[in-house]
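A short worksheet on the structure shown next.
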Amino acid sequence: MDGKVNDKMVVCCFCGESLFLKDAVVLSVQLNISNHEKQQLFCHRNHLRERLDKSIILHPDFFE
């Protein structure tokens, strides 16, 4: 790895603050099942956890 990913900054889609790409949760959004185009959004891990319903089971890494 050339180090560029570690230094790249992205913006959290929930709070608008910057964070390092290496620390961001990457969300892939697809408009609907028939549409094959996707958009990537980024967020802080805690912001995603706070906004998801508690009934949604997350991978254990979301709690590290």
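By order in the structure tokens, chains are A, B, ...; within a chain, residues start at 1; ligands start at 1, following the order shown.
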Segment 8-58 of chain A: residues DSSP assigns to strand (DSSP E or B), reported as a PyMOL selection string: chain A and resi 9-12+18-20+25-30+38-43
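For chain A, a DSSP pass over the backbone yields helix (DSSP H, G or I) at Lys4, Val5, Asn6, Asp7, Leu21, Lys22, Asp23, Arg45, Asn46, His47, Leu48, Arg49, Glu50, Arg51, Pro60, Asp61, Phe62 and Phe63 of chain A.
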All residues 10 Å or closer to segment 14-17 of chain A, only C-alpha atoms, same chain fewer than 6 positions away omitted, as JSON, numbers by chain: {"A": [41, 42, 43, 44, 47, 48, 51]}
Based on the selection just made, write C-alpha atoms of those residues as an mmCIF file, in the first residue's frame.
```
data_model
loop_
_atom_site.group_PDB
_atom_site.id
_atom_site.type_symbol
_atom_site.label_atom_id
_atom_site.label_comp_id
_atom_site.auth_asym_id
_atom_site.auth_seq_id
_atom_site.Cartn_x
_atom_site.Cartn_y
_atom_site.Cartn_z
ATOM 1 C CA LEU A 41 -21.095 7.364 1.535
ATOM 2 C CA PHE A 42 -18.842 7.525 4.576
ATOM 3 C CA CYS A 43 -19.592 7.892 8.256
ATOM 4 C CA HIS A 44 -18.261 7.557 11.771
ATOM 5 C CA HIS A 47 -23.047 7.572 14.086
ATOM 6 C CA LEU A 48 -24.224 4.529 12.151
ATOM 7 C CA ARG A 51 -29.036 5.765 13.884
#
```
Selection: 12 Å around Val26 of chain A, only C-alpha atoms, excl. self and same-chain fewer than 3 positions, as a PyMOL selection string: chain A and resi 10-13+19-23+29+39-45+48
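Of note, atom CA of Asn46 of chain A and atom CA of Met9 of chain A are spaced 17.5 Å apart.
Note that the spacing between atom CA of Ser28 of chain A and atom CA of Asp53 of chain A amounts to 18.4 Å.
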Gap from atom CA of Ala24 of chain A to atom CA of Leu58 of chain A - Å, one decimal: 15.6 Å
